[in-house]
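Student: What follows is a single structure, and I will ask about it in a moment.
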Amino acid sequence: MLVRWKLWLPAAILLMVLVGIAVACGGDDEEASPTPTGPTGSPSPLSGKLEIFSWWTTGGEAAGLQKLYQLYPQQCPGDVQIVNSTVAGGGGDVARQVLSSRMQGGDPPGSFQIHMGHELLDSWVASGDMESLKFLFDQQNWANVFPQGVLDIVSKDGQPYSVPVNIHRANVLWYNKKTFTDAGLQPPKTFADFFTVADALKAKGITPLALGDKEAFASVQLLEVTLLGTLGPDAYKGLWTGKTAWGSSQVTDALNTFKRMLSYTNSDHASLTWDQANDMVIKGQAGMTIMGDWVDADNKAKGFTNSGWVPSPSTSGTYDALSDTFGLPKDAPNRDAVICWLKVVGSKAGQEAFNPLKGSICARTDCNKSLFDPYLQSAMDDWSKDSIVPSLAHGAAASPAWAADISDAVTAFVASQDVGALQGRLSTACKDSGVCS
Amino acid sequence: MTIRWSRVAIYGALLFFAVLYLMPVYVLVITGLKSFTEVSLDQMWDLPSGLHFASFRDAFDRLNGNMLNSFKMVIPATIISCLLGSINGYILTKWRFPGSDILFFLLLFGMFIPYQSVLIPLVKTLQQLHLYGSLWGLVLTHTIYGIPITTLIFRNYYAGVPTEVVEAAKIDGASIFGIYTRILFPLSLPGFVVVAIWQFTSIWNDFLFAATLTSNPDVQPVTVALNNLAGSFIVEWNVQMAGALIAALPTLIVYILLGRFFMRGLMAGALSSS
Amino acid sequence: MSKGEAAGPRVRGGLPRLDWKRARRFVTSERAIGMGLIVPSLVAVLVFVYGFIGWSALVSVSNWHNVNPDYTFVGLDNFRDLFKNFRFQIDIRNTVAFTVLFVGACLVLGLVLASLLDRYIRGEGIFRSIYLFPMAISFIVTGVAWRWLLAPRAGVNLLASKVGLSGIHYTWYTDSTVVYVHQGSRLADALDAIGLGFLADPNFGVPLAMISVVIAATWQMSGFVMVLYLAGLRAIPKELKEAARVDGASELQVLRHISLPLLRPVTLSAMIILGHQSLKIFDLIVSMTGRGTGFATDVPALFMFESTFRANNFSRGAAVSIVMLVSVSVLVIPYLFWSLRRESRL
């Protein structure tokens with residue numbers, strides 16, 4: 001008995017150690033092997049690992065990303081092994097958390113997906129963690145391919161910091177064609193039209209505007225397009241540069257319109273995500289929804305062919321743009337491989353491969369229209385002639401802290417309906433951000 | 001046979017609660033068995049039109065590598081934190097020294113911290129240890145943050161072992177290790193069961209550390225992979241719910257098979273005293 | 001043998017002379033080995049818990065409001081701003097409401113189920129497994145399932161209408177109503193009279209949307225409490241209960257006067273475990289309701305997450321963590337001291 005127990009414990013420890021070794025040998029080594037750093041765009045073959053970090057985990061987004069990975073070896077000869085690091089959730093919230101922890105911890109990925117505009121410029125660019133991409137833009141002659149509006153948004157002090165792979169539009173009103181035909185309605189062009197149509201739908205027992213704001217961005221986006229429609233593109237842009245006063249009566253009008261629009265939404269909006277709100281439109285329970293053009297991909301996935309679209313009320317001629325972009329972190333491992341990745345992302349072939357699958361349009365103006373579905377083709381037409389404004393809800397217009405303050409103010413407003421308080425909080429948010437004085 | 005109405009009432013109540021507790025599982029299962037176009041809020045309770053095992057198959061294909069990763073992470077972490085907790089509990093109850101109570105308190109407090117607040121220094125530290133991004137980093141993290149609760153459970157458990165037994169063994173000349181291996185360890189099985197079940201479940205179900213400390217999809221545990229099944233914009237609910245059931249299977253099996261031992265462990269004093 | 005005992009004559013006005021023999025005897029003694037075995041755990045916890053919390057505390061008194069670390073000392077400014085922040089005030093209210101309701105519901109339901117099962121039930125194992133299995137599921141999956149179950153246009157509302165109770169149409173977690181004592185009501189006047197008039201404010205109310213989250217969380221954890229109580233009930237000697245019954249006590253009286261007092265340690269353990277979980281609750285909120293209409297289901301952990309990782313306001317996030325930590329400590333430390341002291345007295 002004594003002998004047995006004496007052997008038991010050491011035997012257990014030995015077993016544990018063996019198991020541990022077995023497990024460790026099966027584990028992965030995450031260190032990127034050192035790569036020779038040559039001059040930019042050198043023809044020497046690339047090797048090593050390239051870690052691309054994004055939140056594109058399923059569906060068309062993941063498929064588009066895989067297409068880019070397939071294109072990579074063609075444009076970047078060598079045997080680079082691409083590591084597809086992805087974290088889903090919250091429209092990028094979880095990914096942002098992981099990215100932030102990694103960047104603060106000194107472990108940047110090769111390149112990461114980030115929205116164009118202040119989301120990047122006021123964070124990793126302001127902290128000096130990103131390299132300027134002017135050399136790349138000049139070398140690839142991208143100034144002649146991307147619209148000036150986009151170049152402005154991705155640049156700080158004249159230096160571009162990220163390459164936009166796609167463009168989405170936030171100011172789109174989607175409606176069910178059959179519902180409208182049955183009710184004898186035309187899709188609304190202005191706010192006045194909108195409310196007329198909304199009243200008519202309400203009279204028929206159909207929810208006029210489907211809203212799904214379990215994720216707070218949906219209400220912020222609704223506010224954004226209302227501001228855009230009321231103020232027009234120039235005054236809207238002025239909100240983000242300090243030129244337009246948040247306390248002005250125009251903004252008050254916009255907020256009152258926003259309040260009125262909310263009164264035509266479904267009462268359970270806090271329990272629905274945007275795609276569940278779209279379900280209401282598809283099923284005829286709601287007439288319209290105002291949401292970005294990822295609704296098109298959702299409709300296709302659900303086999304819905306009766307979808308109609310117009311620019312959101314009073315925003316015709318304006319393109320409220322958001323974009324997913326990739327940049328170059330300063331301490332990125334395997335820098336040459338990353339630079340080549342950026343070339344692929346900004347190339348015609350790359351964007352033509354990615355965007356039809358993702359359900360967005362190219363940021364470039366020279367993509368082949370025939371590759372895209374009808375909605376995207378009409379979006380491409382608009383993109384080439386509309387005035388471009390940055391989206392608030394998707395990181396283009398305001399710094400993350402400012403956008404967070406606005407989001408909090410909107411959440412409180414949806415419950416309180418207090419326009420004065422909302423306007424006060426929005427003004428304070430602008431001051432806190434340092435843009436307004 | 002006389003029917004005692006009080007017994008009927010009791011069984012009735014138990015059944016009523018059982019139905020309530022099983023409702024969510026019903027929803028998960030039938031949604032997992034539906035095709036994507038059938039999945040919607042207003043058809044939630046309807047049985048699927050057919051048994052579309054495709055989503056289960058799809059979810060399994062996408063998750064099984066990550067399930068393996070989870071096992072690779074959970075098993076070492078559980079074993080090590082259980083052993084550490086047992087040794088700590090042993091020392092703190094049978095080999096007390098001045099300050100051992102304060103030490104216990106210091107160890108225990110670690111259980112109460114909000115884990116989001118330590119993410120950034122944790123990443124930095126694991127970076128310096130060259131463990132960032134690997135399963136071993138997760139094993140280390142879970143082991144360390146598991147020490148408080150395992151120590152608590154074992155300490156309470158061993159406090160129920162009479163000191164006379166230990167004193168008698170000391171007089172007989174047994175060493176500190178001898179007493180552990182010959183007296184306490186054999187008695188510890190119920191305690192180990194409670195701790196192992198608790199640790200297995202909480203480490204298996206952890207998302208925060210798994211998402212932050214691993215980035216390569218080949219290395220990620222199943223909680224992150226399951227979250228990624230959902231996608232960031234368009235959610236395939238049928239695949240997600242099928243995936244959720246599959247990912248929960250190991251812990252479910254642990255609870256169903258070992259639930260009885262869990263009970264016995266608790267009754268033997270793992271959490272009752274103090 | 002006490003470690004701290006000075007040995008040998010002390011040098012006047014200087015350090016005590018070390019008794020090498022005694023020191024050597026001690027170091028190789030069993031007691032020292034015992035202490036040595038704890039050292040790895042202690043070191044690990046010192047770094048990974050106290051070290052990191054210390055960093056968090058440092059950040060909470062710094063001026064770090066953007067991506068670049070800035071450790072300039074600003075005293076308690078962050079905390080002052082935090083308590084003035086309207087969202088944080090709502091969070092505090094929500095946490096208090098959630099904790100009270102969640103812990104209460106789990107304790108009650110756990111006790112009810114345990115007493116039902118403690119009666120020679122056939123199939124006890126099956127019932128116990130059914131009530132216990134939700135614990136095996138992660139909070140994220142629970143959140144997703146209950147989000148569907150309590151969605152107003154689906155879930156239990158839909159089920160109720162299918163079985164004919166079409167009148168029920170509760171808004172569950174989309175309800176932004178907060179139940180509080182209104183100014184001008186009689187209760188408010190009464191509170192005023194005893195100097196507690198400030199309590200008549202929405203910041204001291206109960207957000208009805210939280211009830212849905214409480215339901216989901218209780219579903220998850222009440223089985224665990226049930227098992228604790230079942231173990232506790234079974235540990236009560238039968239003779240005590242029999243004696244009471246012989247003396248004419250009803251079942252309820254037996255429960256109240258005999259079982260419950262003896263179950264007090266179990267109740268306290270359960271309260272601690274549930275309490276600290278509820279103060280940190282995050283996964284469930286994110287997957288089930290998000291912040292809710294008007295922040296009805298917002299909690300400090302979510303605010304901390306968004307402050308740190310979305311708004312890049314690291315100091316504010318750290319301040320929220322410190323407040324969360326302090327609130328848990330306030331709950332837990334007195335209990336720990338009390339129980340440790342009680343043990344040493346026994």
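In the structure tokens, chains take the letters A, B, ... in the order shown, each chain's residues start at 1, and ligands count up from 1 in the order shown.
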Using only C-alpha atoms, I'd like every residue of chain B that has an atom within 7 Å of chain C; please write them out as a ChimeraX atom specification.

Tutor: /B:10,18,21,24,28,41-42,44,88,91,95,107,110,112-114,117-118,121,144,176,201,205,244,248,251-252,255-256,259,263,266-267,272-274

Student: Between chain B and chain A, at 9 Å or less, what are the per-residue closest atom pairs and their distances in Å? Count only C-alpha atoms, order by chain and rising residue number, and return it as a Markdown table.

Tutor:
| residue | atom | partner | partner_atom | distance |
| --- | --- | --- | --- | --- |
| B:Phe36 | CA | A:Lys302 | CA | 7.9 |
| B:Thr37 | CA | A:Lys302 | CA | 6.1 |
| B:Ser40 | CA | A:Gln276 | CA | 7.9 |
| B:Leu41 | CA | A:Gln276 | CA | 8.0 |
| B:Asn69 | CA | A:Gly27 | CA | 8.8 |
| B:Lys72 | CA | A:Val23 | CA | 6.4 |
| B:Met73 | CA | A:Val23 | CA | 8.7 |
| B:Pro76 | CA | A:Gly20 | CA | 6.8 |
| B:Ile79 | CA | A:Met16 | CA | 8.1 |
| B:Ile80 | CA | A:Met16 | CA | 8.5 |
| B:Leu119 | CA | A:Ser101 | CA | 6.7 |
| B:Ile120 | CA | A:Ser101 | CA | 5.2 |
| B:Pro121 | CA | A:Gly105 | CA | 7.2 |
| B:Leu122 | CA | A:Gly105 | CA | 8.3 |
| B:Val123 | CA | A:Gly105 | CA | 5.4 |
| B:Lys124 | CA | A:Gly105 | CA | 4.3 |
| B:Thr125 | CA | A:Gly105 | CA | 8.1 |
| B:Leu126 | CA | A:Gly105 | CA | 8.9 |
| B:Gln127 | CA | A:Gly105 | CA | 7.1 |
| B:His130 | CA | A:Glu31 | CA | 8.6 |
| B:Leu131 | CA | A:Glu30 | CA | 8.9 |
| B:Tyr132 | CA | A:Glu30 | CA | 8.1 |
| B:Gly133 | CA | A:Glu30 | CA | 6.3 |
| B:Ser134 | CA | A:Asp28 | CA | 6.5 |
| B:Leu135 | CA | A:Gly27 | CA | 6.8 |
| B:Trp136 | CA | A:Ala24 | CA | 7.3 |
| B:Gly178 | CA | A:Lys6 | CA | 7.7 |
| B:Thr181 | CA | A:Trp5 | CA | 6.4 |
| B:Arg182 | CA | A:Trp5 | CA | 6.1 |
| B:Ala211 | CA | A:Val98 | CA | 6.9 |
| B:Thr212 | CA | A:Val98 | CA | 4.9 |
| B:Leu213 | CA | A:Val98 | CA | 8.0 |
| B:Thr214 | CA | A:Ser85 | CA | 8.9 |
| B:Ser215 | CA | A:Ser85 | CA | 5.2 |
| B:Asn216 | CA | A:Ser85 | CA | 5.1 |
| B:Pro217 | CA | A:Ser85 | CA | 6.0 |
| B:Asp218 | CA | A:Asp28 | CA | 8.3 |
| B:Val219 | CA | A:Asp28 | CA | 7.0 |
| B:Val224 | CA | A:Val87 | CA | 7.1 |
| B:Ala225 | CA | A:Val87 | CA | 8.2 |
| B:Asn227 | CA | A:Ala88 | CA | 6.2 |
| B:Asn228 | CA | A:Ala88 | CA | 4.6 |
| B:Leu229 | CA | A:Thr58 | CA | 6.6 |
| B:Ala230 | CA | A:Ala88 | CA | 7.1 |
| B:Gly231 | CA | A:Thr58 | CA | 5.1 |
| B:Ser232 | CA | A:Gly91 | CA | 4.8 |
| B:Phe233 | CA | A:Gly91 | CA | 6.1 |
| B:Ile234 | CA | A:Asp298 | CA | 6.7 |
| B:Val235 | CA | A:Asp275 | CA | 8.2 |
| B:Glu236 | CA | A:Gly59 | CA | 8.8 |

Student: For those residues, write C-alpha atoms to a file as a PDB file, in the first residue's frame.

Tutor:
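Printed below is again26.pdb as written:
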ATOM      1  CA  PHE B  36     -31.439  29.411 -43.970  1.00  0.00           C
ATOM      2  CA  THR B  37     -34.580  30.714 -45.640  1.00  0.00           C
ATOM      3  CA  SER B  40     -36.889  33.873 -38.897  1.00  0.00           C
ATOM      4  CA  LEU B  41     -38.289  35.260 -35.699  1.00  0.00           C
ATOM      5  CA  ASN B  69      -7.796  23.316 -29.816  1.00  0.00           C
ATOM      6  CA  LYS B  72      -5.722  20.972 -25.951  1.00  0.00           C
ATOM      7  CA  MET B  73      -6.145  24.094 -23.901  1.00  0.00           C
ATOM      8  CA  PRO B  76      -3.742  20.893 -19.218  1.00  0.00           C
ATOM      9  CA  ILE B  79      -5.230  19.519 -14.479  1.00  0.00           C
ATOM     10  CA  ILE B  80      -2.616  22.050 -13.446  1.00  0.00           C
ATOM     11  CA  LEU B 119      -6.233  42.488 -21.063  1.00  0.00           C
ATOM     12  CA  ILE B 120      -3.624  45.012 -22.099  1.00  0.00           C
ATOM     13  CA  PRO B 121      -0.949  44.218 -19.488  1.00  0.00           C
ATOM     14  CA  LEU B 122      -1.722  40.547 -20.057  1.00  0.00           C
ATOM     15  CA  VAL B 123      -0.976  40.814 -23.768  1.00  0.00           C
ATOM     16  CA  LYS B 124       2.234  42.706 -23.025  1.00  0.00           C
ATOM     17  CA  THR B 125       3.359  40.135 -20.475  1.00  0.00           C
ATOM     18  CA  LEU B 126       2.593  37.164 -22.700  1.00  0.00           C
ATOM     19  CA  GLN B 127       4.419  38.906 -25.530  1.00  0.00           C
ATOM     20  CA  HIS B 130       6.828  34.622 -26.159  1.00  0.00           C
ATOM     21  CA  LEU B 131       3.550  32.930 -25.370  1.00  0.00           C
ATOM     22  CA  TYR B 132       1.242  35.370 -27.107  1.00  0.00           C
ATOM     23  CA  GLY B 133      -0.882  33.806 -29.817  1.00  0.00           C
ATOM     24  CA  SER B 134      -0.346  30.228 -28.721  1.00  0.00           C
ATOM     25  CA  LEU B 135      -2.504  27.825 -26.799  1.00  0.00           C
ATOM     26  CA  TRP B 136       0.112  27.641 -24.067  1.00  0.00           C
ATOM     27  CA  GLY B 178       3.851  11.759   2.501  1.00  0.00           C
ATOM     28  CA  THR B 181       0.020  11.548  -1.055  1.00  0.00           C
ATOM     29  CA  ARG B 182      -1.008   8.994   1.528  1.00  0.00           C
ATOM     30  CA  ALA B 211     -10.380  36.074 -28.599  1.00  0.00           C
ATOM     31  CA  THR B 212      -7.720  38.430 -27.306  1.00  0.00           C
ATOM     32  CA  LEU B 213      -4.806  36.075 -26.866  1.00  0.00           C
ATOM     33  CA  THR B 214      -5.030  34.023 -30.064  1.00  0.00           C
ATOM     34  CA  SER B 215      -5.421  35.388 -33.560  1.00  0.00           C
ATOM     35  CA  ASN B 216      -4.600  32.548 -35.899  1.00  0.00           C
ATOM     36  CA  PRO B 217      -7.814  30.652 -36.730  1.00  0.00           C
ATOM     37  CA  ASP B 218      -5.859  27.397 -36.613  1.00  0.00           C
ATOM     38  CA  VAL B 219      -5.082  28.022 -32.987  1.00  0.00           C
ATOM     39  CA  VAL B 224     -14.034  32.263 -30.938  1.00  0.00           C
ATOM     40  CA  ALA B 225     -14.731  30.052 -33.931  1.00  0.00           C
ATOM     41  CA  ASN B 227     -18.592  33.595 -32.673  1.00  0.00           C
ATOM     42  CA  ASN B 228     -17.000  33.843 -36.100  1.00  0.00           C
ATOM     43  CA  LEU B 229     -19.623  31.522 -37.524  1.00  0.00           C
ATOM     44  CA  ALA B 230     -22.076  34.293 -36.877  1.00  0.00           C
ATOM     45  CA  GLY B 231     -20.312  36.741 -39.088  1.00  0.00           C
ATOM     46  CA  SER B 232     -20.205  40.431 -38.502  1.00  0.00           C
ATOM     47  CA  PHE B 233     -23.081  41.589 -40.643  1.00  0.00           C
ATOM     48  CA  ILE B 234     -25.275  38.858 -42.055  1.00  0.00           C
ATOM     49  CA  VAL B 235     -25.952  36.057 -39.584  1.00  0.00           C
ATOM     50  CA  GLU B 236     -26.786  32.522 -40.641  1.00  0.00           C
TER      51      GLU B 236
END

Student: Measuring between only C-alpha atoms, which one of B:Leu245, B:Leu83, B:Leu258, B:Ala59 shows the shortest distance to B:Tyr180?

Tutor: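 Closest to B:Tyr180 of all the choices is B:Leu83.
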
Student: Give as a list in words every residue of chain C that touches chain A within 6 Å, counting only C-alpha atoms.

Tutor: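 Within 6 Å of chain A on chain C, we get Val67, Asn68, Ala151, Thr174, Thr293, Gly294, Phe309 and Ala311 of chain C.
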
Student: Going by DSSP on the backbone, which bits of stretch 165-330 of chain A are helix (DSSP H, G or I)? Write them as an NGL selection string, please.

Tutor: :A and (177-183 or 191-203 or 217-241 or 249-262 or 269-271 or 274-282 or 294-301)

Student: Could the residues in this selection be saved with C-alpha atoms as a CSV table (one decimal), in the first residue's frame?

Tutor:
chain,number,residue,atom,x,y,z
A,177,LYS,CA,-41.8,47.1,-54.6
A,178,LYS,CA,-44.9,44.9,-54.2
A,179,THR,CA,-46.0,46.6,-51.0
A,180,PHE,CA,-45.7,50.0,-52.7
A,181,THR,CA,-47.5,49.0,-55.9
A,182,ASP,CA,-50.3,47.5,-53.9
A,183,ALA,CA,-50.7,50.7,-51.9
A,191,PHE,CA,-38.8,64.2,-46.3
A,192,ALA,CA,-42.2,65.6,-47.1
A,193,ASP,CA,-42.7,62.7,-49.5
A,194,PHE,CA,-41.4,60.3,-46.9
A,195,PHE,CA,-44.0,61.3,-44.3
A,196,THR,CA,-46.8,61.2,-46.8
A,197,VAL,CA,-45.8,57.7,-47.8
A,198,ALA,CA,-45.4,56.7,-44.1
A,199,ASP,CA,-48.8,57.9,-43.2
A,200,ALA,CA,-50.3,56.0,-46.1
A,201,LEU,CA,-48.5,52.8,-45.0
A,202,LYS,CA,-49.5,53.3,-41.4
A,203,ALA,CA,-53.1,53.6,-42.4
A,217,PHE,CA,-25.0,52.0,-35.1
A,218,ALA,CA,-28.4,51.7,-36.8
A,219,SER,CA,-30.0,54.6,-35.0
A,220,VAL,CA,-26.8,56.7,-35.4
A,221,GLN,CA,-26.9,56.0,-39.1
A,222,LEU,CA,-30.6,57.1,-39.3
A,223,LEU,CA,-29.6,60.4,-37.5
A,224,GLU,CA,-26.7,60.8,-39.9
A,225,VAL,CA,-28.8,60.6,-43.1
A,226,THR,CA,-31.4,62.9,-41.6
A,227,LEU,CA,-28.7,65.4,-40.9
A,228,LEU,CA,-27.4,65.0,-44.4
A,229,GLY,CA,-30.8,65.4,-45.9
A,230,THR,CA,-31.7,68.5,-43.9
A,231,LEU,CA,-28.3,70.3,-44.1
A,232,GLY,CA,-27.0,69.2,-47.5
A,233,PRO,CA,-23.5,67.9,-48.2
A,234,ASP,CA,-21.5,71.0,-47.5
A,235,ALA,CA,-23.1,72.0,-44.2
A,236,TYR,CA,-23.0,68.3,-43.2
A,237,LYS,CA,-19.3,68.1,-43.8
A,238,GLY,CA,-19.0,71.3,-41.8
A,239,LEU,CA,-20.3,69.5,-38.7
A,240,TRP,CA,-17.1,67.5,-38.7
A,241,THR,CA,-14.8,70.4,-39.2
A,249,SER,CA,-31.5,75.9,-35.9
A,250,GLN,CA,-30.9,73.8,-39.0
A,251,VAL,CA,-29.6,71.0,-36.7
A,252,THR,CA,-32.6,71.5,-34.5
A,253,ASP,CA,-34.8,70.9,-37.6
A,254,ALA,CA,-32.9,67.8,-38.4
A,255,LEU,CA,-33.3,66.5,-34.9
A,256,ASN,CA,-37.0,67.1,-35.0
A,257,THR,CA,-37.3,65.3,-38.3
A,258,PHE,CA,-35.3,62.4,-36.8
A,259,LYS,CA,-37.7,62.3,-33.9
A,260,ARG,CA,-40.6,62.3,-36.3
A,261,MET,CA,-39.1,59.5,-38.3
A,262,LEU,CA,-38.6,57.4,-35.2
A,269,HIS,CA,-36.5,47.9,-32.7
A,270,ALA,CA,-34.2,47.3,-29.8
A,271,SER,CA,-34.6,43.5,-30.2
A,274,TRP,CA,-30.6,45.5,-39.1
A,275,ASP,CA,-31.1,42.3,-41.1
A,276,GLN,CA,-34.1,41.2,-39.0
A,277,ALA,CA,-35.5,44.7,-39.7
A,278,ASN,CA,-34.9,43.9,-43.4
A,279,ASP,CA,-36.9,40.7,-42.9
A,280,MET,CA,-39.9,42.8,-42.0
A,281,VAL,CA,-39.6,44.6,-45.4
A,282,ILE,CA,-39.1,41.4,-47.2
A,294,TRP,CA,-25.2,45.7,-47.4
A,295,VAL,CA,-29.0,45.2,-47.5
A,296,ASP,CA,-28.5,44.3,-51.2
A,297,ALA,CA,-26.3,41.3,-50.2
A,298,ASP,CA,-28.8,40.3,-47.5
A,299,ASN,CA,-31.7,40.4,-50.1
A,300,LYS,CA,-29.7,38.3,-52.5
A,301,ALA,CA,-28.9,35.7,-49.8

Student: Could you please determine the separation between atom CA of A:Tyr264 and atom CA of A:Ala421 in Å, to one decimal place?

Tutor: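 Those two atoms sit 21.3 Å apart.
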